[in-house]
Each structure stands twice: as structure tokens, then as C-alpha cells.
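Coordinates from run.tsv are shown below (TSV, C-alpha atoms).
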chain	number	residue	atom	x	y	z
N	1	LEU	CA	264.77	69.72	-17.34
N	2	SER	CA	263.92	71.77	-20.39
N	3	GLY	CA	266.00	74.84	-21.12
N	4	GLY	CA	263.21	77.13	-19.89
N	5	SER	CA	262.84	75.18	-16.65
N	6	ARG	CA	266.56	75.38	-15.97
N	7	GLN	CA	266.51	79.13	-16.57
N	8	MET	CA	263.66	79.48	-14.07
N	9	VAL	CA	265.78	77.64	-11.50
N	10	ASN	CA	268.74	79.87	-12.40
N	11	ASN	CA	266.58	82.96	-11.87
N	12	VAL	CA	265.52	81.74	-8.44
N	13	LYS	CA	269.16	81.18	-7.48
N	14	ALA	CA	270.28	84.55	-8.87
N	15	MET	CA	267.60	86.45	-6.93
N	16	ALA	CA	268.27	84.52	-3.72
N	17	ASP	CA	272.02	85.09	-4.03
N	18	MET	CA	271.27	88.83	-4.12
N	19	GLY	CA	269.59	88.48	-0.72
N	20	LEU	CA	266.01	88.66	-1.98
N	21	LYS	CA	263.20	86.45	-0.76
N	22	VAL	CA	262.01	84.19	-3.58
N	23	TYR	CA	258.89	82.02	-3.75
N	24	ALA	CA	258.78	79.32	-6.43
N	25	LEU	CA	255.17	78.42	-7.26
N	26	VAL	CA	255.05	75.07	-9.07
N	27	THR	CA	252.90	71.95	-9.40
N	28	PRO	CA	253.45	69.19	-6.81
N	29	ASP	CA	254.69	66.67	-9.40
N	30	THR	CA	256.94	68.93	-11.47
N	31	ALA	CA	260.42	67.79	-12.48
N	32	LEU	CA	261.58	71.14	-11.09
N	33	ASN	CA	261.19	69.91	-7.52
N	34	THR	CA	264.58	68.23	-7.25
N	35	ALA	CA	266.43	71.30	-8.51
N	36	LEU	CA	264.38	73.68	-6.37
N	37	ASP	CA	264.77	71.53	-3.25
N	38	ALA	CA	268.51	72.03	-3.52
N	39	LEU	CA	267.95	75.81	-3.28
N	40	LYS	CA	265.57	75.79	-0.32
N	41	GLY	CA	266.74	77.91	2.55
N	42	GLU	CA	266.35	81.28	4.19
N	43	ASN	CA	265.75	83.06	0.88
N	44	VAL	CA	263.92	80.37	-1.13
N	45	GLU	CA	260.53	78.84	-0.37
N	46	VAL	CA	258.80	76.36	-2.69
N	47	ILE	CA	255.00	76.49	-2.79
N	48	HIS	CA	253.03	73.72	-4.50
N	49	PHE	CA	249.77	74.42	-6.31
N	50	ASP	CA	247.87	72.08	-8.62
N	51	GLY	CA	245.19	74.43	-9.95
N	52	PHE	CA	247.03	76.36	-12.68
N	53	SER	CA	244.50	75.24	-15.33
N	54	GLU	CA	241.52	76.54	-13.32
N	55	TYR	CA	242.15	80.17	-14.10
N	56	VAL	CA	239.71	81.89	-11.71
N	57	LYS	CA	240.79	79.67	-8.82
N	58	ALA	CA	244.44	80.24	-9.78
N	59	GLY	CA	244.01	84.01	-9.94
N	60	LYS	CA	242.41	84.11	-6.49
N	61	PHE	CA	245.17	81.91	-5.07
N	62	LEU	CA	247.91	84.14	-6.47
N	63	LYS	CA	246.19	87.31	-5.31
N	64	GLU	CA	246.09	85.96	-1.74
N	65	LEU	CA	249.68	84.73	-1.97
N	66	VAL	CA	250.87	88.17	-3.08
N	67	ARG	CA	249.04	89.77	-0.14
N	68	GLU	CA	250.13	87.20	2.43
N	69	LYS	CA	253.81	87.12	1.43
N	70	ASN	CA	254.11	90.83	0.48
N	71	ILE	CA	255.32	89.84	-3.00
N	72	ASP	CA	256.44	92.73	-5.20
N	73	VAL	CA	257.11	90.94	-8.50
N	74	VAL	CA	255.52	87.93	-10.18
N	75	HIS	CA	257.65	86.47	-13.00
N	76	THR	CA	255.80	83.78	-14.97
N	77	PHE	CA	257.30	80.97	-17.06
N	78	HIS	CA	254.27	79.21	-18.54
N	79	ASN	CA	251.16	80.22	-20.46
N	80	ARG	CA	248.89	79.09	-17.63
N	81	ALA	CA	251.04	80.98	-15.15
N	82	TYR	CA	250.93	84.31	-16.99
N	83	LYS	CA	247.16	84.01	-17.38
N	84	MET	CA	247.00	83.32	-13.65
N	85	GLY	CA	249.08	86.44	-13.06
N	86	VAL	CA	246.93	88.67	-15.25
N	87	LEU	CA	243.73	87.48	-13.54
N	88	ALA	CA	245.29	88.05	-10.11
N	89	ARG	CA	246.11	91.61	-11.13
N	90	LEU	CA	242.57	92.16	-12.43
N	91	MET	CA	241.28	90.87	-9.10
N	92	GLY	CA	243.33	93.48	-7.27
N	93	ALA	CA	246.73	91.89	-6.61
N	94	LYS	CA	249.26	94.65	-5.89
N	95	CYS	CA	252.36	93.43	-7.72
N	96	LYS	CA	254.31	93.87	-10.90
N	97	LEU	CA	253.84	91.12	-13.48
N	98	PHE	CA	256.36	89.91	-16.06
N	99	VAL	CA	255.91	87.27	-18.75
N	100	ASN	CA	258.93	85.15	-19.66
N	101	ARG	CA	259.32	83.78	-23.20
N	102	GLY	CA	262.32	81.81	-24.38
N	103	VAL	CA	261.12	80.22	-27.62
N	104	ILE	CA	261.39	81.52	-31.14
N	105	SER	CA	258.06	80.12	-32.35
N	106	ARG	CA	255.10	82.28	-33.21
N	107	PRO	CA	252.87	83.11	-30.19
N	108	ASN	CA	249.14	82.57	-30.39
N	109	PHE	CA	246.99	85.37	-31.75
N	110	VAL	CA	245.84	86.68	-28.35
N	111	PHE	CA	249.22	86.55	-26.62
N	112	PHE	CA	249.68	90.30	-27.13
N	113	LEU	CA	246.43	90.99	-25.24
N	114	TRP	CA	247.72	89.15	-22.18
N	115	THR	CA	251.05	90.96	-22.34
N	116	ALA	CA	249.24	94.30	-22.58
N	117	LEU	CA	248.03	93.65	-19.04
N	118	SER	CA	251.54	92.94	-17.75
N	119	ASP	CA	254.43	95.25	-16.84
N	120	GLY	CA	256.74	93.68	-19.38
N	121	VAL	CA	257.88	90.66	-21.35
N	122	ILE	CA	261.33	89.15	-20.82
N	123	ALA	CA	262.89	87.32	-23.77
N	124	ASN	CA	266.19	85.43	-23.77
N	125	SER	CA	267.31	86.81	-27.13
N	126	ALA	CA	266.61	89.87	-29.26
N	127	GLN	CA	265.38	87.62	-32.06
N	128	CYS	CA	262.84	86.07	-29.69
N	129	ALA	CA	261.69	89.58	-28.80
N	130	GLU	CA	261.43	90.56	-32.46
N	131	VAL	CA	259.16	87.60	-33.17
N	132	MET	CA	256.82	88.86	-30.44
N	133	ARG	CA	256.99	92.41	-31.82
N	134	LYS	CA	255.94	91.00	-35.20
N	135	TYR	CA	252.84	89.62	-33.52
N	136	TRP	CA	251.76	92.90	-31.94
N	137	VAL	CA	253.48	92.83	-28.56
N	138	ARG	CA	254.31	96.48	-27.93
N	139	GLY	CA	258.00	97.30	-28.22
N	140	LYS	CA	258.14	99.28	-24.98
N	141	ARG	CA	257.16	96.14	-23.06
N	142	LEU	CA	259.88	93.94	-24.59
N	143	ASN	CA	263.13	93.26	-22.73
N	144	VAL	CA	266.09	91.01	-23.45
N	145	VAL	CA	267.78	89.31	-20.51
N	146	TYR	CA	270.18	86.68	-21.78
N	147	ASN	CA	270.42	83.24	-20.25
N	148	ALA	CA	273.17	82.64	-17.73
N	149	TYR	CA	275.45	79.69	-17.19
N	150	ALA	CA	274.95	78.42	-13.65
N	151	GLY	CA	276.58	75.00	-13.85
N	152	PRO	CA	279.79	73.67	-12.31
N	153	ASP	CA	283.12	75.29	-13.13
N	154	PHE	CA	285.59	72.75	-14.48
N	155	GLY	CA	288.35	75.35	-14.56
N	156	GLU	CA	290.11	77.32	-17.24
N	157	PRO	CA	290.37	75.34	-20.51
N	158	LYS	CA	293.84	74.03	-21.34
N	159	PRO	CA	295.32	73.32	-24.76
N	160	ARG	CA	295.12	69.68	-25.77
N	161	LYS	CA	297.71	67.67	-27.61
N	162	LYS	CA	295.89	64.93	-29.47
N	163	ARG	CA	295.56	63.48	-32.93
N	164	GLY	CA	291.80	63.41	-33.33
N	165	THR	CA	288.90	65.84	-33.16
N	166	ARG	CA	285.63	65.05	-31.45
N	167	TYR	CA	282.47	66.89	-32.56
N	168	VAL	CA	279.43	66.83	-30.30
N	169	TYR	CA	275.77	67.46	-31.14
N	170	VAL	CA	273.39	68.19	-28.24
N	171	GLY	CA	269.68	68.16	-29.01
N	172	ASN	CA	267.10	65.60	-30.05
N	173	SER	CA	265.71	64.05	-33.22
N	174	ALA	CA	263.13	66.79	-33.94
N	175	GLU	CA	263.40	68.41	-37.38
N	176	ILE	CA	263.97	71.89	-35.97
N	177	LYS	CA	267.08	70.68	-34.11
N	178	GLY	CA	268.75	69.64	-37.38
N	179	PHE	CA	270.30	66.31	-36.38
N	180	ASP	CA	270.06	65.32	-40.05
N	181	VAL	CA	272.07	68.42	-40.98
N	182	PHE	CA	274.73	67.40	-38.44
N	183	LEU	CA	274.96	63.95	-40.03
N	184	LYS	CA	275.21	65.43	-43.53
N	185	ALA	CA	277.98	67.80	-42.43
N	186	ALA	CA	279.80	64.87	-40.81
N	187	ASP	CA	279.57	62.91	-44.05
N	188	ARG	CA	280.90	65.85	-46.10
N	189	LEU	CA	283.81	66.05	-43.69
N	190	CYS	CA	284.56	62.34	-44.06
N	191	GLU	CA	284.27	62.58	-47.85
N	192	GLY	CA	287.10	65.08	-47.84
N	193	GLY	CA	289.50	62.46	-46.53
N	194	ALA	CA	289.85	63.91	-43.01
N	195	ARG	CA	291.15	61.39	-40.50
N	196	ASP	CA	290.92	60.89	-36.75
N	197	LEU	CA	287.39	62.23	-36.46
N	198	GLU	CA	284.72	61.32	-33.92
N	199	PHE	CA	281.06	62.33	-33.82
N	200	VAL	CA	278.88	62.12	-30.70
N	201	GLY	CA	275.11	62.60	-30.54
N	202	VAL	CA	273.67	63.61	-27.16
N	203	GLY	CA	269.92	63.58	-26.55
N	204	VAL	CA	268.94	61.54	-29.61
N	205	PRO	CA	267.03	58.40	-28.52
N	206	ALA	CA	268.53	55.18	-29.88
N	207	ASP	CA	265.15	54.10	-31.28
N	208	LYS	CA	265.02	57.25	-33.42
N	209	LEU	CA	268.30	56.63	-35.27
N	210	SER	CA	266.58	54.44	-37.85
N	211	GLU	CA	264.72	57.53	-39.09
N	212	PHE	CA	268.06	58.78	-40.45
N	213	ASP	CA	269.18	55.58	-42.19
N	214	ASP	CA	269.13	57.21	-45.63
N	215	ILE	CA	271.74	59.82	-44.63
N	216	PHE	CA	273.65	57.84	-41.99
N	217	THR	CA	276.51	56.78	-44.24
N	218	PRO	CA	279.01	54.01	-43.38
N	219	ALA	CA	281.79	56.60	-43.12
N	220	VAL	CA	279.90	58.43	-40.38
N	221	ARG	CA	278.56	55.31	-38.65
N	222	GLY	CA	282.11	54.07	-38.16
N	223	ARG	CA	283.03	57.27	-36.34
N	224	TYR	CA	279.75	57.92	-34.50
N	225	ARG	CA	278.73	57.19	-30.91
N	226	ASN	CA	275.18	57.80	-29.73
N	227	ALA	CA	275.10	58.89	-26.10
N	228	GLY	CA	271.29	58.94	-26.17
N	229	LYS	CA	269.10	60.69	-23.61
N	230	VAL	CA	271.20	61.22	-20.50
N	231	ASP	CA	270.93	63.34	-17.38
N	232	HIS	CA	272.37	66.84	-17.27
N	233	ALA	CA	275.59	65.86	-15.51
N	234	GLU	CA	276.33	63.38	-18.31
N	235	VAL	CA	275.59	66.03	-20.94
N	236	LEU	CA	278.24	68.22	-19.34
N	237	ASP	CA	280.59	65.24	-19.27
N	238	GLU	CA	280.15	64.69	-23.00
N	239	LEU	CA	280.80	68.38	-23.66
N	240	ARG	CA	283.81	68.33	-21.39
N	241	PHE	CA	285.58	65.70	-23.45
N	242	ALA	CA	284.62	67.06	-26.87
N	243	ASP	CA	286.62	69.50	-29.02
N	244	VAL	CA	283.94	71.28	-31.05
N	245	LEU	CA	280.23	71.88	-30.42
N	246	VAL	CA	278.03	71.75	-33.54
N	247	VAL	CA	274.61	73.42	-33.35
N	248	SER	CA	272.84	72.60	-36.62
N	249	SER	CA	269.33	73.78	-35.68
N	250	ARG	CA	266.76	75.13	-38.08
N	251	LYS	CA	265.09	77.13	-35.30
N	252	GLU	CA	266.43	78.23	-31.91
N	253	SER	CA	266.14	81.08	-29.45
N	254	LEU	CA	269.22	80.66	-27.27
N	255	PRO	CA	270.23	77.06	-26.49
N	256	ASN	CA	271.63	76.41	-23.02
N	257	ALA	CA	274.00	73.79	-24.46
N	258	LEU	CA	275.79	76.59	-26.30
N	259	LEU	CA	276.62	78.39	-23.05
N	260	GLU	CA	277.64	75.11	-21.43
N	261	GLY	CA	279.97	74.36	-24.32
N	262	PHE	CA	281.46	77.85	-24.10
N	263	ASP	CA	282.19	77.44	-20.41
N	264	LEU	CA	284.09	74.25	-21.18
N	265	GLY	CA	286.17	75.97	-23.84
N	266	LEU	CA	284.49	74.55	-26.96
N	267	PRO	CA	284.36	76.64	-30.12
N	268	ALA	CA	280.93	76.47	-31.75
N	269	VAL	CA	280.04	75.78	-35.37
N	270	CYS	CA	276.42	76.85	-35.73
N	271	THR	CA	273.64	77.68	-38.11
N	272	ARG	CA	272.75	81.37	-38.22
N	273	VAL	CA	269.24	81.03	-36.78
N	274	GLY	CA	267.29	82.67	-33.97
N	275	GLY	CA	269.37	84.17	-31.19
N	276	ILE	CA	272.52	82.17	-31.93
N	277	PRO	CA	274.28	85.05	-33.79
N	278	GLU	CA	273.80	87.17	-30.67
N	279	VAL	CA	276.29	85.02	-28.74
N	280	VAL	CA	278.41	83.54	-31.57
N	281	ARG	CA	280.58	85.74	-33.79
N	282	ASP	CA	282.51	84.48	-36.80
N	283	ASN	CA	286.16	83.94	-35.98
N	284	VAL	CA	285.70	85.19	-32.40
N	285	ASN	CA	284.21	82.22	-30.55
N	286	GLY	CA	283.05	80.06	-33.42
N	287	PHE	CA	281.61	80.13	-36.93
N	288	LEU	CA	278.16	80.69	-38.43
N	289	CYS	CA	276.58	79.10	-41.49
N	290	ALA	CA	273.21	79.44	-43.18
N	291	SER	CA	270.43	77.16	-42.00
N	292	GLU	CA	270.73	73.66	-43.56
N	293	ASP	CA	274.10	74.48	-45.17
N	294	ALA	CA	275.88	71.20	-44.40
N	295	ASP	CA	278.74	72.07	-46.74
N	296	CYS	CA	279.56	75.24	-44.81
N	297	LEU	CA	279.33	73.44	-41.48
N	298	ALA	CA	281.70	70.74	-42.76
N	299	GLU	CA	284.16	73.38	-44.01
N	300	LYS	CA	284.28	75.11	-40.61
N	301	MET	CA	284.47	71.78	-38.78
N	302	ARG	CA	287.46	70.86	-40.96
N	303	LEU	CA	289.15	74.19	-40.31
N	304	LEU	CA	288.96	73.59	-36.56
N	305	ALA	CA	290.22	70.03	-36.92
N	306	GLU	CA	293.27	71.22	-38.84
N	307	ASP	CA	294.06	74.24	-36.68
N	308	PRO	CA	294.20	73.40	-32.94
N	309	LEU	CA	295.60	76.86	-32.16
N	310	LYS	CA	292.52	78.55	-33.57
N	311	ARG	CA	290.31	75.96	-31.91
N	312	PHE	CA	291.81	76.79	-28.53
N	313	ALA	CA	291.63	80.58	-29.05
N	314	LEU	CA	287.98	80.51	-30.13
N	315	GLY	CA	287.10	78.22	-27.24
N	316	LEU	CA	288.81	80.51	-24.76
N	317	ALA	CA	286.85	83.47	-26.15
N	318	GLY	CA	283.63	81.51	-25.63
N	319	ARG	CA	284.64	80.88	-22.04
N	320	ARG	CA	285.17	84.64	-21.59
N	321	VAL	CA	281.70	85.33	-23.01
N	322	VAL	CA	280.11	83.13	-20.36
N	323	ARG	CA	282.35	84.16	-17.47
N	324	THR	CA	282.18	87.90	-18.27
N	325	LEU	CA	278.83	88.58	-19.95
N	326	LEU	CA	276.53	85.70	-19.00
N	327	THR	CA	277.07	85.07	-15.31
N	328	SER	CA	274.27	84.36	-12.85
N	329	GLU	CA	275.17	87.58	-11.00
N	330	ILE	CA	274.79	89.69	-14.14
N	331	LYS	CA	271.49	88.03	-14.97
N	332	GLY	CA	270.22	88.74	-11.47
N	333	ARG	CA	271.15	92.41	-11.73
N	334	ASN	CA	269.59	92.68	-15.19
N	335	LEU	CA	266.36	91.10	-13.99
N	336	MET	CA	266.26	93.58	-11.11
N	337	ARG	CA	266.79	96.48	-13.53
N	338	VAL	CA	263.80	95.29	-15.57
N	339	TYR	CA	261.69	94.78	-12.46
N	340	MET	CA	262.51	98.37	-11.42
N	341	GLY	CA	261.27	99.75	-14.73
N	342	GLU	CA	264.35	99.96	-16.94
N	343	ARG	CA	264.06	98.59	-20.48
N	344	LEU	CA	266.94	96.32	-21.53
N	345	TYR	CA	267.58	95.56	-25.18
N	346	ALA	CA	271.34	95.97	-25.59
N	347	PRO	CA	273.42	93.56	-27.73
N	348	LEU	CA	276.22	91.57	-26.11
N	349	PRO	CA	279.75	92.88	-26.86
N	350	VAL	CA	281.00	89.43	-27.89
N	351	GLU	CA	283.74	90.91	-30.09
N	352	ASP	CA	285.41	92.34	-26.99
N	353	MET	CA	286.02	88.78	-25.78
N	354	ALA	CA	288.28	87.82	-28.72
N	355	VAL	CA	291.51	86.02	-27.81
N	356	PRO	CA	294.70	86.12	-29.93
N	357	GLU	CA	295.82	82.74	-31.20
N	358	PRO	CA	298.74	81.33	-29.19
N	359	SER	CA	302.08	81.44	-30.98
N	360	ALA	CA	303.25	78.10	-29.63
N	361	ALA	CA	301.76	74.70	-30.31
N	362	PRO	CA	299.40	73.59	-27.54
N	363	ALA	CA	300.80	71.17	-25.02
N	364	GLY	CA	299.31	68.86	-22.46
N	365	ASP	CA	297.50	65.58	-22.69
N	366	MET	CA	293.81	65.28	-23.37
N	367	GLU	CA	291.74	64.00	-20.48
N	368	LYS	CA	290.80	60.37	-20.97
N	369	HIS	CA	287.15	59.70	-21.68
N	370	PRO	CA	285.43	56.43	-20.84
N	371	HIS	CA	284.12	56.19	-24.43
N	372	GLU	CA	287.38	57.10	-26.13
N	373	HIS	CA	287.61	55.78	-29.68
N	374	GLY	CA	290.80	54.76	-31.34
N	375	PRO	CA	292.15	56.77	-34.30
N	376	ARG	CA	289.99	56.60	-37.44
Conversion result in C-alpha cells:
Amino acid sequence: LSGGSRQMVNNVKAMADMGLKVYALVTPDTALNTALDALKGENVEVIHFDGFSEYVKAGKFLKELVREKNIDVVHTFHNRAYKMGVLARLMGAKCKLFVNRGVISRPNFVFFLWTALSDGVIANSAQCAEVMRKYWVRGKRLNVVYNAYAGPDFGEPKPRKKRGTRYVYVGNSAEIKGFDVFLKAADRLCEGGARDLEFVGVGVPADKLSEFDDIFTPAVRGRYRNAGKVDHAEVLDELRFADVLVVSSRKESLPNALLEGFDLGLPAVCTRVGGIPEVVRDNVNGFLCASEDADCLAEKMRLLAEDPLKRFALGLAGRRVVRTLLTSEIKGRNLMRVYMGERLYAPLPVEDMAVPEPSAAPAGDMEKHPHEHGPR
């Protein structure tokens, strides 16, 4: 699922866990079905509808659904869905309407008109909200409710005693994701004579690697493994056996992979774009570099390779961020506060999650990974 789809599923679970009745209105063939089926029960009902693109029909359907099910709040996750919601309201539906937006890209020129007919817009980062404000969405309608981590808990991270350092990239081959920047940073790191390094690419299709032949140097190729496009459980597995998460994007709002890496105790080396600085603080749970600055990324990657104590401390702070500030329960409460009329726009107190570096060298063996490389 896309990041936005997974957050919709997380919202459904958070609301249901609070004891609220939740209806998920989706198309019959959506990839969301499997995830939503797992949540079906007393508090969750899935309703299929295939007429989202027929706006008048969709508005009438939603109006009747709101009346029949006594729905108080409609929270939309797609442009067709929020248009459906607005038309239902104009037709007389008695409900509150919220528009969800989790991308940093510029909205279309009439987006602000649709939001003017809603009760509020919910963004997953302040930077995402600021982009909408720039394009005439009224500030009093903008809210920030950060994504939550709702995946499995693999337990408290433990220090690892190992020779090498494994860096993982999670994304795709699109320019905005900066896979080329990751490869350049990896090459700079290898040029510096660092040893025992591994690089893993998750989400990059094997048939797209040839597009990067001009920057895919022999030094990096010899240390690189391409995991390709894998299911979500395998993504978590790759993160679980990595040491450092590298987010080299040129544009982001708030990537779910960042929260997943935090929960697994990975420090993050990231570009300072979009909402990333809202959850990553220099020398607290990772490091930030300017967009496209491969040299800076390589420098911070090297620092974490050479200092396992700092690596562990930053990773533990990231885990605290997720387990203290970005839980499903907190997201559920924050959504309810917005639904009840409160405006949320507060920054996350990430600095409060800082962890002192241990005074003793880390002990304990690294978990074995099925794709473990030998020393390089």
C-alpha cells in the first residue's frame, strides 16, 4: 500500500480502538481490502462503492449513508472522495467533513475552494500544511496530525557488536526519492577508504537499475544488494537487519519508512526536505543535510559507521520518538480533538527524546540476516 493508504488504515484502527464505530468506504477492487478485512469487527464495517468518479451519484450515496448510519464525521483521503463529501454536504448531509492531505506537492488551483466547504484539512506535517497555505487554503482550517507507527513491535533495540555497517534506502527510482543521491553518497563513503560497508536498496525495481549506470561505481556495486519491490513485511525485515536508514529524497512530506526505521532503533541520515526536519533532529535521532548534498550524507554515514555508541544512542532516541510521540493511541486522540473543533499545529518535542551515549562498548551479537554479506 502507499503511505497514504496505510495511514488511512491506521486511522480506522485508532478510531476503532477508542470504541468508536468506523465505516471504511472504498472501491470493491482496492488494495486496501486485505488490510481492512483484518480490522473488520464490532467497530469496523467496510462498505464498497464503485461510483466515486460520478460526483452527483457519489454525493447522493454519501448523503444517504450519513443519514442511515448516523455518521458524525467524514474524513476523506482522495480527491474524488473529498469532492464527494462536499457535494453530500451541499445536498444536506448532516456531518462534519475533513480533507486529508499527506503530500508535499502543490495542490491544484481550485483545491482551496473545496476546502472552504469543509470543516478542516488534516496534514501529516507542518510543511505540508504550509504548502497548502501558500495556495490559499485558510490557515484556520489547517491542522497537523502526524503519522503514527502501527506495525509490529520487535522489542527494545539492543546494542550490536559487529564489524560492518549496513545502510538501507527505502523508496523507488523516481527522481524525487533521490536514489541517485544515495548512490553518490555511498560512493563518496567508499572513496574515503571505509571498510566493511553494505548498501541495500528497497523498493527499486531491478529493471530500473540500468538508469543509474553512470553513477553506480564498481566500489558501490561490490557492496550493494538490491532487494527490489517487496511486500511490507519484507521491508520491515530489511530495516530490522540494517544499521542506518538513509533518506535522500528531494521532496517528502513525512515518509512512513522513517517511523518504521525509528521503531527498529535505526538512526536516520536524511536530506532536510519537507516534513523530515519535524521528526529528525541533528544529533538527537539522526542527522540532516541539504537536498542533493551527497558529501554531507557520506560524512554523517561515516560518522555513524565509526561510532557505534552514537549510532545506538541516536537509534534509541528515534525509538522513543515513535513510542512516545507517534503512537496510534495519540494519533486517535489528536484526530478526535480536530473532529471536535480544536486546531492542532504544535511541533513535536523531539529534543526531549534525546538519549545519552552509553559509556561502555555495546555488546551482543547481531542477528543473522539471510542476505548477510561477508566483510568488504
Hey, what's within 9 Å of Met18 of chain N if we count all atoms listed in the file and toss same-chain stuff fewer than 5 positions away? As a ChimeraX atom specification, please?
/N:13,329,332-333
Could you work out an axis-aligned bounding box for all listed atoms of segment 342-349 of chain N, with 3 Å added on each of the six sides, and give its centre and edge lengths in Å to one decimal, as JSON?
{"center_x": 271.9, "center_y": 95.8, "center_z": -22.3, "size_x": 21.7, "size_y": 14.4, "size_z": 16.8}
Take the point (257.4, 87.9, -30.8) as written in the file and pick out every residue within 10 Å of it, counting all atoms listed in the file; give the list as a PyMOL selection string.
chain N and resi 101+103-108+111-112+121+123+126-139+142
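In terms of minimum interatomic distance to Gly164 of chain N, N:Arg302 ranks closest within N:Arg302, N:Asp119, N:Thr34, N:Thr324, counting all atoms listed in the file.
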Counting all atoms listed in the file, which residues sit no farther than 12 Å from the position (259.2, 79.8, 1.7) in the file's frame? I'd like them as a PyMOL selection string.
chain N and resi 16+20-25+36-37+39-48+65+68-69+71
Could you take the residues named above and write them with C-alpha atoms, as a PDB file, in the frame of the given file?
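So the final result, stored in again.pdb, reads:
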ATOM      1  CA  ALA N  16     268.270  84.520  -3.720  1.00  0.00           C
ATOM      2  CA  LEU N  20     266.010  88.660  -1.980  1.00  0.00           C
ATOM      3  CA  LYS N  21     263.200  86.450  -0.760  1.00  0.00           C
ATOM      4  CA  VAL N  22     262.010  84.190  -3.580  1.00  0.00           C
ATOM      5  CA  TYR N  23     258.890  82.020  -3.750  1.00  0.00           C
ATOM      6  CA  ALA N  24     258.780  79.320  -6.430  1.00  0.00           C
ATOM      7  CA  LEU N  25     255.170  78.420  -7.260  1.00  0.00           C
ATOM      8  CA  LEU N  36     264.380  73.680  -6.370  1.00  0.00           C
ATOM      9  CA  ASP N  37     264.770  71.530  -3.250  1.00  0.00           C
ATOM     10  CA  LEU N  39     267.950  75.810  -3.280  1.00  0.00           C
ATOM     11  CA  LYS N  40     265.570  75.790  -0.320  1.00  0.00           C
ATOM     12  CA  GLY N  41     266.740  77.910   2.550  1.00  0.00           C
ATOM     13  CA  GLU N  42     266.350  81.280   4.190  1.00  0.00           C
ATOM     14  CA  ASN N  43     265.750  83.060   0.880  1.00  0.00           C
ATOM     15  CA  VAL N  44     263.920  80.370  -1.130  1.00  0.00           C
ATOM     16  CA  GLU N  45     260.530  78.840  -0.370  1.00  0.00           C
ATOM     17  CA  VAL N  46     258.800  76.360  -2.690  1.00  0.00           C
ATOM     18  CA  ILE N  47     255.000  76.490  -2.790  1.00  0.00           C
ATOM     19  CA  HIS N  48     253.030  73.720  -4.500  1.00  0.00           C
ATOM     20  CA  LEU N  65     249.680  84.730  -1.970  1.00  0.00           C
ATOM     21  CA  GLU N  68     250.130  87.200   2.430  1.00  0.00           C
ATOM     22  CA  LYS N  69     253.810  87.120   1.430  1.00  0.00           C
ATOM     23  CA  ILE N  71     255.320  89.840  -3.000  1.00  0.00           C
TER      24      ILE N  71
END
Would you please work out which residue, of N:Leu117, N:Ala93, N:Val145, N:Cys270, is nearest to Val66 of chain N when using only C-alpha atoms?
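Of N:Leu117, N:Ala93, N:Val145, N:Cys270, the one nearest Val66 of chain N is N:Ala93, counting only C-alpha atoms.
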Can you tell me, as a PDB file with C-alpha atoms, in the frame of the given file, what residues are no more than 7 Å from Asn285 of chain N when counting only C-alpha atoms, ignoring any on the same chain fewer than 5 positions away?
ATOM      1  CA  PRO N 267     284.360  76.640 -30.120  1.00  0.00           C
ATOM      2  CA  ALA N 268     280.930  76.470 -31.750  1.00  0.00           C
ATOM      3  CA  VAL N 280     278.410  83.540 -31.570  1.00  0.00           C
ATOM      4  CA  LEU N 314     287.980  80.510 -30.130  1.00  0.00           C
ATOM      5  CA  GLY N 315     287.100  78.220 -27.240  1.00  0.00           C
ATOM      6  CA  ALA N 317     286.850  83.470 -26.150  1.00  0.00           C
ATOM      7  CA  GLY N 318     283.630  81.510 -25.630  1.00  0.00           C
TER       8      GLY N 318
END
Close residues, Met301 of chain N itself excluded, 8 Å, only C-alpha atoms, min 3 positions apart in chain, as a PyMOL selection string:
chain N and resi 189+244+269+297-298+304-305
Which distance in Å separates atom CA of Ser53 of chain N and atom CA of Ala116 of chain N, to one decimal?
20.9 Å
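What separates atom CA of Asn124 of chain N from atom CA of Asn10 of chain N is a distance of 12.9 Å.
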